[in-house]
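run32.txt (compact mmCIF, N, CA and C atoms)
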# COMPACT_ATOMS: atom_id res chain seq x y z
N MET A 1 -24.64 26.59 -4.63
CA MET A 1 -23.86 25.40 -4.91
C MET A 1 -22.51 25.44 -4.19
N ILE A 2 -21.88 26.61 -4.15
CA ILE A 2 -20.60 26.76 -3.47
C ILE A 2 -20.76 26.48 -1.97
N ALA A 3 -21.89 26.90 -1.39
CA ALA A 3 -22.13 26.68 0.04
C ALA A 3 -22.17 25.19 0.35
N TYR A 4 -22.81 24.41 -0.50
CA TYR A 4 -22.87 22.95 -0.29
C TYR A 4 -21.48 22.34 -0.42
N LEU A 5 -20.71 22.83 -1.36
CA LEU A 5 -19.34 22.34 -1.54
C LEU A 5 -18.48 22.65 -0.32
N LYS A 6 -18.68 23.83 0.26
CA LYS A 6 -17.94 24.19 1.48
C LYS A 6 -18.29 23.24 2.63
N VAL A 7 -19.58 22.95 2.80
CA VAL A 7 -20.00 22.01 3.85
C VAL A 7 -19.35 20.65 3.61
N PHE A 8 -19.36 20.20 2.38
CA PHE A 8 -18.77 18.91 2.01
C PHE A 8 -17.27 18.87 2.32
N ILE A 9 -16.56 19.90 1.91
CA ILE A 9 -15.11 19.96 2.13
C ILE A 9 -14.79 20.12 3.62
N PHE A 10 -15.52 20.98 4.32
CA PHE A 10 -15.29 21.16 5.76
C PHE A 10 -15.46 19.84 6.50
N SER A 11 -16.46 19.05 6.10
CA SER A 11 -16.72 17.79 6.80
C SER A 11 -15.63 16.75 6.55
N MET A 12 -14.82 16.95 5.53
CA MET A 12 -13.73 16.03 5.23
C MET A 12 -12.46 16.36 6.01
N LEU A 13 -12.37 17.55 6.57
CA LEU A 13 -11.15 18.00 7.24
C LEU A 13 -11.02 17.40 8.63
N PRO A 14 -9.81 16.96 9.01
CA PRO A 14 -9.63 16.46 10.37
C PRO A 14 -9.87 17.57 11.39
N ILE A 15 -10.31 17.19 12.55
CA ILE A 15 -10.68 18.05 13.67
C ILE A 15 -11.99 18.79 13.37
N PHE A 16 -12.11 19.48 12.25
CA PHE A 16 -13.33 20.20 11.89
C PHE A 16 -14.47 19.20 11.67
N GLU A 17 -14.27 18.26 10.78
CA GLU A 17 -15.22 17.19 10.44
C GLU A 17 -16.64 17.72 10.37
N LEU A 18 -17.62 16.88 10.68
CA LEU A 18 -18.99 17.37 10.60
C LEU A 18 -19.38 18.20 11.82
N ARG A 19 -18.58 18.15 12.87
CA ARG A 19 -18.85 18.99 14.05
C ARG A 19 -18.74 20.46 13.72
N GLY A 20 -17.99 20.80 12.71
CA GLY A 20 -17.90 22.19 12.27
C GLY A 20 -18.71 22.44 11.01
N ALA A 21 -18.83 21.42 10.16
CA ALA A 21 -19.53 21.59 8.89
C ALA A 21 -21.04 21.77 9.08
N ILE A 22 -21.63 21.02 9.98
CA ILE A 22 -23.08 21.12 10.18
C ILE A 22 -23.47 22.49 10.75
N PRO A 23 -22.84 22.96 11.82
CA PRO A 23 -23.21 24.31 12.30
C PRO A 23 -22.99 25.38 11.23
N TYR A 24 -21.92 25.25 10.46
CA TYR A 24 -21.66 26.21 9.39
C TYR A 24 -22.81 26.19 8.37
N GLY A 25 -23.17 25.01 7.90
CA GLY A 25 -24.23 24.89 6.90
C GLY A 25 -25.57 25.42 7.40
N LEU A 26 -25.89 25.11 8.65
CA LEU A 26 -27.15 25.59 9.21
C LEU A 26 -27.12 27.10 9.43
N LYS A 27 -25.98 27.61 9.85
CA LYS A 27 -25.85 29.05 10.11
C LYS A 27 -26.04 29.88 8.83
N ILE A 28 -25.57 29.36 7.70
CA ILE A 28 -25.73 30.11 6.45
C ILE A 28 -27.08 29.85 5.78
N GLY A 29 -27.94 29.06 6.45
CA GLY A 29 -29.32 28.91 5.99
C GLY A 29 -29.61 27.74 5.07
N LEU A 30 -28.71 26.78 4.99
CA LEU A 30 -28.99 25.60 4.16
C LEU A 30 -29.97 24.68 4.88
N PRO A 31 -30.80 23.94 4.13
CA PRO A 31 -31.78 23.04 4.75
C PRO A 31 -31.11 21.94 5.59
N PHE A 32 -31.72 21.66 6.74
CA PHE A 32 -31.17 20.71 7.71
C PHE A 32 -30.81 19.36 7.10
N TRP A 33 -31.76 18.71 6.43
CA TRP A 33 -31.51 17.35 5.92
C TRP A 33 -30.41 17.32 4.87
N GLN A 34 -30.34 18.36 4.05
CA GLN A 34 -29.29 18.41 3.04
C GLN A 34 -27.92 18.59 3.69
N VAL A 35 -27.85 19.46 4.69
CA VAL A 35 -26.59 19.68 5.40
C VAL A 35 -26.14 18.39 6.08
N LEU A 36 -27.05 17.71 6.76
CA LEU A 36 -26.72 16.47 7.46
C LEU A 36 -26.22 15.41 6.47
N LEU A 37 -26.92 15.23 5.37
CA LEU A 37 -26.54 14.22 4.38
C LEU A 37 -25.18 14.53 3.76
N ILE A 38 -24.97 15.76 3.35
CA ILE A 38 -23.70 16.16 2.73
C ILE A 38 -22.54 16.03 3.72
N ALA A 39 -22.77 16.43 4.96
CA ALA A 39 -21.71 16.36 5.98
C ALA A 39 -21.36 14.92 6.32
N VAL A 40 -22.35 14.05 6.42
CA VAL A 40 -22.08 12.63 6.72
C VAL A 40 -21.29 11.99 5.58
N ILE A 41 -21.72 12.21 4.35
CA ILE A 41 -21.01 11.63 3.20
C ILE A 41 -19.58 12.19 3.14
N GLY A 42 -19.45 13.49 3.29
CA GLY A 42 -18.12 14.10 3.26
C GLY A 42 -17.22 13.60 4.37
N ASN A 43 -17.78 13.35 5.54
CA ASN A 43 -17.00 12.87 6.68
C ASN A 43 -16.54 11.43 6.48
N LEU A 44 -17.30 10.64 5.73
CA LEU A 44 -16.96 9.23 5.53
C LEU A 44 -15.95 9.00 4.40
N ILE A 45 -15.84 9.90 3.47
CA ILE A 45 -14.90 9.70 2.35
C ILE A 45 -13.46 9.54 2.83
N PRO A 46 -12.95 10.39 3.71
CA PRO A 46 -11.57 10.17 4.18
C PRO A 46 -11.40 8.85 4.93
N VAL A 47 -12.46 8.41 5.60
CA VAL A 47 -12.40 7.15 6.36
C VAL A 47 -12.07 5.99 5.43
N ILE A 48 -12.69 5.97 4.27
CA ILE A 48 -12.44 4.89 3.30
C ILE A 48 -10.96 4.85 2.93
N PHE A 49 -10.40 6.02 2.63
CA PHE A 49 -8.99 6.07 2.26
C PHE A 49 -8.08 5.72 3.44
N ILE A 50 -8.42 6.20 4.62
CA ILE A 50 -7.60 5.89 5.80
C ILE A 50 -7.59 4.39 6.05
N LEU A 51 -8.75 3.75 5.97
CA LEU A 51 -8.83 2.31 6.23
C LEU A 51 -8.11 1.50 5.15
N LEU A 52 -8.20 1.94 3.91
CA LEU A 52 -7.55 1.20 2.82
C LEU A 52 -6.05 1.41 2.79
N ILE A 53 -5.64 2.66 2.86
CA ILE A 53 -4.22 2.98 2.74
C ILE A 53 -3.48 2.80 4.07
N GLY A 54 -4.18 3.05 5.16
CA GLY A 54 -3.56 2.98 6.48
C GLY A 54 -2.95 1.63 6.82
N ARG A 55 -3.53 0.57 6.32
CA ARG A 55 -3.00 -0.77 6.59
C ARG A 55 -1.60 -0.94 5.99
N PHE A 56 -1.35 -0.22 4.92
CA PHE A 56 -0.06 -0.36 4.24
C PHE A 56 0.98 0.63 4.73
N ILE A 57 0.55 1.85 5.05
CA ILE A 57 1.54 2.86 5.41
C ILE A 57 1.57 3.18 6.90
N GLY A 58 0.61 2.65 7.67
CA GLY A 58 0.54 2.95 9.09
C GLY A 58 1.81 2.64 9.85
N SER A 59 2.41 1.51 9.54
CA SER A 59 3.63 1.12 10.25
C SER A 59 4.83 1.97 9.85
N HIS A 60 4.73 2.64 8.71
CA HIS A 60 5.83 3.50 8.27
C HIS A 60 5.71 4.92 8.82
N ILE A 61 4.48 5.35 9.10
CA ILE A 61 4.26 6.70 9.61
C ILE A 61 4.48 6.75 11.12
N PHE A 62 3.92 5.79 11.83
CA PHE A 62 4.02 5.77 13.29
C PHE A 62 5.10 4.79 13.72
N PRO A 63 5.89 5.16 14.72
CA PRO A 63 6.90 4.22 15.22
C PRO A 63 6.23 2.95 15.75
N LYS A 64 6.85 1.82 15.49
CA LYS A 64 6.27 0.54 15.88
C LYS A 64 6.01 0.47 17.38
N TRP A 65 6.92 1.03 18.19
CA TRP A 65 6.75 0.99 19.64
C TRP A 65 5.49 1.74 20.07
N LEU A 66 5.18 2.86 19.39
CA LEU A 66 4.00 3.63 19.73
C LEU A 66 2.73 2.86 19.37
N TRP A 67 2.76 2.25 18.21
CA TRP A 67 1.63 1.43 17.73
C TRP A 67 1.36 0.31 18.73
N GLN A 68 2.43 -0.42 19.13
CA GLN A 68 2.30 -1.55 20.06
C GLN A 68 1.85 -1.08 21.44
N ARG A 69 2.42 0.02 21.91
CA ARG A 69 2.06 0.53 23.23
C ARG A 69 0.58 0.91 23.29
N THR A 70 0.11 1.58 22.25
CA THR A 70 -1.29 1.97 22.18
C THR A 70 -2.19 0.74 22.16
N GLN A 71 -1.80 -0.24 21.36
CA GLN A 71 -2.56 -1.48 21.28
C GLN A 71 -2.62 -2.17 22.65
N ASN A 72 -1.49 -2.33 23.28
CA ASN A 72 -1.42 -3.02 24.57
C ASN A 72 -2.20 -2.28 25.66
N LYS A 73 -2.12 -0.96 25.64
CA LYS A 73 -2.75 -0.16 26.68
C LYS A 73 -4.28 -0.20 26.60
N HIS A 74 -4.82 -0.23 25.40
CA HIS A 74 -6.27 -0.08 25.23
C HIS A 74 -6.98 -1.32 24.71
N GLU A 75 -6.26 -2.37 24.39
CA GLU A 75 -6.89 -3.53 23.76
C GLU A 75 -7.93 -4.19 24.65
N ASN A 76 -7.67 -4.30 25.95
CA ASN A 76 -8.65 -4.93 26.84
C ASN A 76 -9.96 -4.16 26.87
N LYS A 77 -9.88 -2.83 26.91
CA LYS A 77 -11.09 -2.01 26.89
C LYS A 77 -11.82 -2.19 25.57
N PHE A 78 -11.06 -2.21 24.49
CA PHE A 78 -11.67 -2.35 23.17
C PHE A 78 -12.36 -3.70 23.05
N LEU A 79 -11.71 -4.76 23.51
CA LEU A 79 -12.30 -6.10 23.44
C LEU A 79 -13.52 -6.21 24.35
N LYS A 80 -13.46 -5.56 25.51
CA LYS A 80 -14.57 -5.61 26.46
C LYS A 80 -15.83 -4.95 25.88
N TRP A 81 -15.65 -3.78 25.29
CA TRP A 81 -16.79 -3.03 24.79
C TRP A 81 -17.13 -3.34 23.34
N GLY A 82 -16.19 -3.93 22.61
CA GLY A 82 -16.44 -4.37 21.23
C GLY A 82 -16.87 -3.25 20.29
N ASP A 83 -17.91 -3.56 19.52
CA ASP A 83 -18.40 -2.62 18.51
C ASP A 83 -18.86 -1.30 19.12
N PHE A 84 -19.44 -1.39 20.31
CA PHE A 84 -19.93 -0.19 20.98
C PHE A 84 -18.80 0.81 21.24
N ALA A 85 -17.61 0.29 21.50
CA ALA A 85 -16.45 1.16 21.76
C ALA A 85 -16.16 2.04 20.55
N LEU A 86 -16.11 1.45 19.38
CA LEU A 86 -15.80 2.22 18.17
C LEU A 86 -16.93 3.17 17.81
N ILE A 87 -18.16 2.69 17.89
CA ILE A 87 -19.31 3.54 17.57
C ILE A 87 -19.35 4.75 18.50
N SER A 88 -19.24 4.52 19.80
CA SER A 88 -19.34 5.63 20.75
C SER A 88 -18.15 6.58 20.64
N PHE A 89 -16.97 6.03 20.35
CA PHE A 89 -15.79 6.88 20.19
C PHE A 89 -15.98 7.86 19.03
N VAL A 90 -16.60 7.40 17.97
CA VAL A 90 -16.85 8.26 16.80
C VAL A 90 -18.05 9.16 17.05
N ALA A 91 -19.08 8.65 17.73
CA ALA A 91 -20.35 9.37 17.87
C ALA A 91 -20.28 10.56 18.82
N ILE A 92 -19.46 10.48 19.85
CA ILE A 92 -19.42 11.56 20.83
C ILE A 92 -18.66 12.74 20.24
N PRO A 93 -19.34 13.86 20.02
CA PRO A 93 -18.69 15.00 19.36
C PRO A 93 -17.80 15.82 20.30
N LEU A 94 -16.66 15.27 20.62
CA LEU A 94 -15.66 15.94 21.45
C LEU A 94 -14.36 16.08 20.67
N PRO A 95 -13.47 16.96 21.12
CA PRO A 95 -12.17 17.07 20.43
C PRO A 95 -11.42 15.74 20.44
N PHE A 96 -10.77 15.45 19.36
CA PHE A 96 -9.95 14.25 19.16
C PHE A 96 -10.75 12.96 19.13
N THR A 97 -12.05 13.07 18.92
CA THR A 97 -12.86 11.90 18.61
C THR A 97 -13.48 12.18 17.25
N GLY A 98 -14.01 11.18 16.62
CA GLY A 98 -14.63 11.38 15.32
C GLY A 98 -14.19 10.33 14.32
N ALA A 99 -14.52 10.56 13.07
CA ALA A 99 -14.29 9.57 12.03
C ALA A 99 -12.81 9.32 11.77
N TRP A 100 -12.01 10.38 11.74
CA TRP A 100 -10.58 10.21 11.47
C TRP A 100 -9.92 9.38 12.55
N THR A 101 -10.12 9.74 13.81
CA THR A 101 -9.49 8.99 14.89
C THR A 101 -10.14 7.63 15.07
N GLY A 102 -11.42 7.51 14.75
CA GLY A 102 -12.07 6.20 14.78
C GLY A 102 -11.46 5.26 13.75
N ALA A 103 -11.14 5.78 12.57
CA ALA A 103 -10.49 4.96 11.54
C ALA A 103 -9.10 4.54 12.00
N LEU A 104 -8.39 5.44 12.65
CA LEU A 104 -7.07 5.10 13.19
C LEU A 104 -7.19 4.02 14.27
N ALA A 105 -8.19 4.14 15.14
CA ALA A 105 -8.41 3.12 16.17
C ALA A 105 -8.74 1.78 15.53
N ALA A 106 -9.55 1.79 14.48
CA ALA A 106 -9.88 0.54 13.78
C ALA A 106 -8.63 -0.11 13.20
N LEU A 107 -7.72 0.71 12.70
CA LEU A 107 -6.46 0.16 12.19
C LEU A 107 -5.62 -0.43 13.31
N ILE A 108 -5.51 0.28 14.40
CA ILE A 108 -4.69 -0.18 15.53
C ILE A 108 -5.21 -1.51 16.07
N PHE A 109 -6.53 -1.65 16.16
CA PHE A 109 -7.11 -2.86 16.72
C PHE A 109 -7.51 -3.89 15.67
N ARG A 110 -7.03 -3.67 14.45
CA ARG A 110 -7.18 -4.63 13.35
C ARG A 110 -8.63 -5.02 13.05
N VAL A 111 -9.51 -4.04 13.05
CA VAL A 111 -10.90 -4.28 12.69
C VAL A 111 -10.97 -4.41 11.18
N LYS A 112 -11.67 -5.41 10.69
CA LYS A 112 -11.79 -5.64 9.24
C LYS A 112 -12.42 -4.42 8.57
N PHE A 113 -12.05 -4.20 7.30
CA PHE A 113 -12.45 -2.99 6.57
C PHE A 113 -13.96 -2.74 6.62
N TRP A 114 -14.78 -3.70 6.17
CA TRP A 114 -16.22 -3.47 6.06
C TRP A 114 -16.87 -3.29 7.42
N ARG A 115 -16.39 -4.04 8.40
CA ARG A 115 -16.92 -3.90 9.76
C ARG A 115 -16.58 -2.50 10.30
N ALA A 116 -15.32 -2.09 10.13
CA ALA A 116 -14.89 -0.77 10.59
C ALA A 116 -15.69 0.33 9.90
N LEU A 117 -15.85 0.22 8.59
CA LEU A 117 -16.59 1.24 7.85
C LEU A 117 -18.04 1.31 8.32
N GLY A 118 -18.66 0.18 8.57
CA GLY A 118 -20.03 0.16 9.06
C GLY A 118 -20.17 0.78 10.44
N LEU A 119 -19.28 0.40 11.35
CA LEU A 119 -19.33 0.93 12.72
C LEU A 119 -19.04 2.43 12.74
N ILE A 120 -18.06 2.85 11.97
CA ILE A 120 -17.72 4.28 11.91
C ILE A 120 -18.88 5.05 11.27
N SER A 121 -19.52 4.48 10.27
CA SER A 121 -20.67 5.14 9.63
C SER A 121 -21.80 5.36 10.63
N ILE A 122 -22.08 4.34 11.44
CA ILE A 122 -23.11 4.48 12.48
C ILE A 122 -22.73 5.61 13.44
N GLY A 123 -21.48 5.63 13.87
CA GLY A 123 -21.01 6.68 14.77
C GLY A 123 -21.10 8.06 14.15
N VAL A 124 -20.76 8.18 12.87
CA VAL A 124 -20.83 9.48 12.18
C VAL A 124 -22.28 9.95 12.08
N ILE A 125 -23.19 9.05 11.78
CA ILE A 125 -24.61 9.43 11.69
C ILE A 125 -25.12 9.90 13.05
N ILE A 126 -24.79 9.16 14.10
CA ILE A 126 -25.20 9.57 15.46
C ILE A 126 -24.60 10.93 15.80
N SER A 127 -23.32 11.10 15.52
CA SER A 127 -22.66 12.37 15.79
C SER A 127 -23.32 13.51 15.01
N GLY A 128 -23.64 13.25 13.75
CA GLY A 128 -24.31 14.25 12.92
C GLY A 128 -25.65 14.67 13.50
N ILE A 129 -26.40 13.70 14.00
CA ILE A 129 -27.70 14.01 14.61
C ILE A 129 -27.51 14.82 15.89
N ILE A 130 -26.55 14.43 16.72
CA ILE A 130 -26.28 15.16 17.97
C ILE A 130 -25.88 16.61 17.67
N VAL A 131 -24.93 16.77 16.75
CA VAL A 131 -24.46 18.12 16.39
C VAL A 131 -25.59 18.94 15.78
N SER A 132 -26.43 18.32 14.97
CA SER A 132 -27.56 19.04 14.36
C SER A 132 -28.54 19.51 15.41
N ILE A 133 -28.88 18.64 16.36
CA ILE A 133 -29.82 19.02 17.42
C ILE A 133 -29.26 20.18 18.24
N ILE A 134 -28.00 20.07 18.60
CA ILE A 134 -27.37 21.16 19.37
C ILE A 134 -27.34 22.45 18.55
N SER A 135 -26.96 22.35 17.29
CA SER A 135 -26.87 23.54 16.43
C SER A 135 -28.24 24.17 16.21
N LEU A 136 -29.25 23.36 15.94
CA LEU A 136 -30.59 23.90 15.74
C LEU A 136 -31.11 24.57 17.01
N GLY A 137 -30.78 23.99 18.16
CA GLY A 137 -31.19 24.59 19.43
C GLY A 137 -30.51 25.92 19.68
N ILE A 138 -29.23 26.00 19.39
CA ILE A 138 -28.48 27.24 19.61
C ILE A 138 -28.94 28.33 18.65
N PHE A 139 -29.13 27.96 17.38
CA PHE A 139 -29.50 28.97 16.39
C PHE A 139 -30.93 29.46 16.56
N SER A 140 -31.77 28.70 17.28
CA SER A 140 -33.15 29.13 17.47
C SER A 140 -33.33 29.98 18.73
N LEU A 141 -32.26 30.17 19.50
CA LEU A 141 -32.37 31.00 20.71
C LEU A 141 -32.59 32.45 20.39

For this file, write the structure as structure tokens.
Amino acid sequence: MIAYLKVFIFSMLPIFELRGAIPYGLKIGLPFWQVLLIAVIGNLIPVIFILLIGRFIGSHIFPKWLWQRTQNKHENKFLKWGDFALISFVAIPLPFTGAWTGALAALIFRVKFWRALGLISIGVIISGIIVSIISLGIFSL
């Protein structure tokens, strides 16, 4: 039970997210589907809070000029690629991408809550599958 809780908590942490939680869970011998499900759910919980609270405190945490500069610099790309931009940004398991930064991007580009949560969820599931495939391949060598 503690092992599942560790996977859940690890998947909630920024940077670590499910990219670290899934390999950890598989390495200690937990079943694949359970690890994937727990890591995805754990990774999405902070997103809900970021999207809800971020709209109110985002302008107080980040300087307005930085917020505006980021918006102006990337808005055309975001509008061009639309939903695919947010999904792929979250789905690609690289440093500084993932659910946390995807939620921040959704806030910057004013994506509505339910739409952002849906798109980020799709990205997290894709990322979880990619990380699982890579982890299962590495551990079976």

Practice item. Grab the atom CA of Leu18 of chain A to atom CA of Leu86 of chain A distance for me, in Å with one decimal place. Key: 17.2 Å

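Using all atoms listed in the file for every distance, the candidate list A:Val7, A:Ala116, A:Ile2, A:Leu107 yields A:Val7 as the residue closest to Gly20 of chain A.
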
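Atom pair atom CA of Tyr4 of chain A / atom N of Ile120 of chain A: separated by 24.0 Å.
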
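Picture a line from atom N of Gly118 of chain A to atom CA of Ile61 of chain A; it runs 23.9 Å.
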
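Checking A:Leu136, A:Val40, A:Ile130, A:Ile87 one by one against Ser11 of chain A, counting only N, CA and C atoms, you find the shortest gap at A:Val40.
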
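Nearest residue to Ile108 of chain A among A:Ile38, A:Pro14, A:Gln71, A:Gly25 is A:Gln71, counting all atoms listed in the file.
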